[in-house]
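Right, one structure below, let's go through it.
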Amino acid sequence: MGRRKVKYQWDAESVRALRKHMGLTQQQMSEELGTRQQTISEWETGMYRPRGGTNRLLTLVAEQVGFEYEALTKEPSPEREADTGEAGEDKAKEEHNGPEP
């Protein structure tokens with residue numbers, strides 16, 4: 001059996017959502033993961049992100065408890081990314097107002 005590469009990088013919002021989905025406090029989650037409560041807090045405030053084995057552990061836990069983290073993993077569509085640039089603004093105007101004559 002080969003090693004699967006972690007495809008999801010946990011961010012503050014998804015760590016918090018997973019913990020709440022599990023009905024745990026930061027202290028309880030830290031005990032389950034074998035880390036400190038302060039670490040969970042740092043992840044949830046965005047000070048640090050889970051990495052390496054902890055990133056994979058969160059993914060495994062999420063799968064085991066039926067957490068829909070995939071919904072949080074969706075990459076922005078190219079159209080949405082384009083909305084931040086001038087070309088995106090033109091496209092957004094076109095979608096809203098229709099094509100220019």
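Letters A, B, ... go to the chains of the structure tokens in the order shown; residues in each chain start at 1; ligands are counted from 1 in the same order.
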
Worksheet item: Can you list, as a PyMOL selection string, every protein, DNA or RNA residue that comes within 12 Å of region 30-40 of chain A when you count only C-alpha atoms, leaving out same-chain residues fewer than 5 positions away?
Response: chain A and resi 10-16+18-19+22+24-25+45-51+53-61

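Closest approach to Glu42 (chain A) from the set A:Gln9, A:Ala17, A:Phe67, A:Gln26 is made by A:Gln26, with distances taken over only C-alpha atoms.
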